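Asker: Here you go, one structure.
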Amino acid sequence: MTAKLNIIAGPPRDKVLDGEAIELFLEKADMYAVCGGSTALMVSAYVGKELILEPSYPEDGLMSYGHIGDFTVTEGVVTLMAVAKYLQGEAPRPHKDSGAGRLAELFDRAEEIRIIFGTAVNRMHTEEISLRHKEKSLEDIKLQLEKLGKKVEIIKF
């Protein structure tokens with residue numbers, strides 16, 4: 001049996017598409033991950049479950065993680081950049097108690113990965129950390145996972 005992971009990273013550019021993006025994310029999978037604070041609030045409201053953040057202090061300095069029911073929740077672009085660097089061999093494996101470590105573990109376990117990539121502009125993005133960085137990180141993650149024989153699909157909203 002093939003393990004399937006669904007990820008949603010960022011709200012859609014057009015708010016009217018929030019429900020459609022979340023419904024794609026919620027399609028049958030074995031594991032689910034929500035990347036980003038705005039995305040977590042959107043998903044939490046949609047499914048009617050509380051967002052709970054875990055009080056951990058990872059040794060690698062990366063953000064902690066949380067959950068919405070059975071869904072793993074991580075920070076957004078910084079986490080994706082850290083996982084991309086790890087998968088490319090440019091950084092050590094993120095600490096298991098960080099969001100990046102949790103996401104890396106999900107990628108290890110999954111054979112099929114669907115990434116719902118929301119392209120809404122985040123007010124929190126700066127010149128250093130932007131939508132371009134998130135998109136590049138997702139493309140790098142896809143490339144590295146495909147090299148490992150995994151099937152990866154990115155759907156943009």
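By order in the structure tokens, chains are A, B, ...; within a chain, residues start at 1; ligands start at 1, following the order shown.
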Could you pull the residues within 8 Å of range 141-152 of chain A, counting only C-alpha atoms, minus those fewer than 5 positions along the same chain, as JSON, numbers by chain?
Answerer: {"A": [83, 84, 87, 88, 107, 110, 111, 112, 113, 114, 115]}
Asker: If you run DSSP over the backbone, which residues in chain A end up strand (DSSP E or B)? Put them as an MDAnalysis selection string.
Answerer: chainID A and resid 4:9 31:35 51:53 65:68 71:74 112:117 151:156
Asker: Between A:Arg13, A:Arg102, A:Lys49, A:Arg93, which one has atoms that come closest to Ala33 in chain A, using only C-alpha atoms?
Answerer: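 Checking each candidate against Ala33 in chain A, we get A:Arg102 as the closest.
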Asker: Quick one: distance from CA of Ala3 in chain A to CA of Gly69 in chain A in Å, one decimal?
Answerer: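 These atoms are spaced 19.1 Å apart.
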Asker: Separation of CA of Gly118 in chain A and CA of Lys156 in chain A, in Å?
Answerer: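 Straight-line distance from CA of Gly118 in chain A to CA of Lys156 in chain A works out to 6.0 Å.
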Asker: Could you pull out the helix (DSSP H, G or I) residues of chain A from DSSP and send them as a PyMOL selection string?
Answerer: chain A and resi 15-26+37-47+77-87+99-109+131-147
Asker: Pick out the closest residue to Thr72 in chain A from this set: A:Ile154, A:Ala120, A:Cys35, A:Val47. Count only C-alpha atoms.
Answerer: A:Cys35
Asker: In Å, with one decimal, what is the gap from CA of His67 in chain A to CA of Lys4 in chain A?
Answerer: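 Taking CA of His67 in chain A and CA of Lys4 in chain A, their separation equals 18.1 Å.
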Asker: Skip Ile8 in chain A itself and residues of its chain fewer than 3 positions away, then list as a ChimeraX atom specification all residues within 10 Å of it, counting only C-alpha atoms.
Answerer: /A:11-12,21-22,24-26,32-36,39-40,43,73,76,114-118,154-155
Asker: Between A:Val121, A:Leu138, A:Ala100, A:Met42, which has the minimum distance to Asp14 in chain A (counting only C-alpha atoms)?
Answerer: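 Nearest to Asp14 in chain A: A:Val121.
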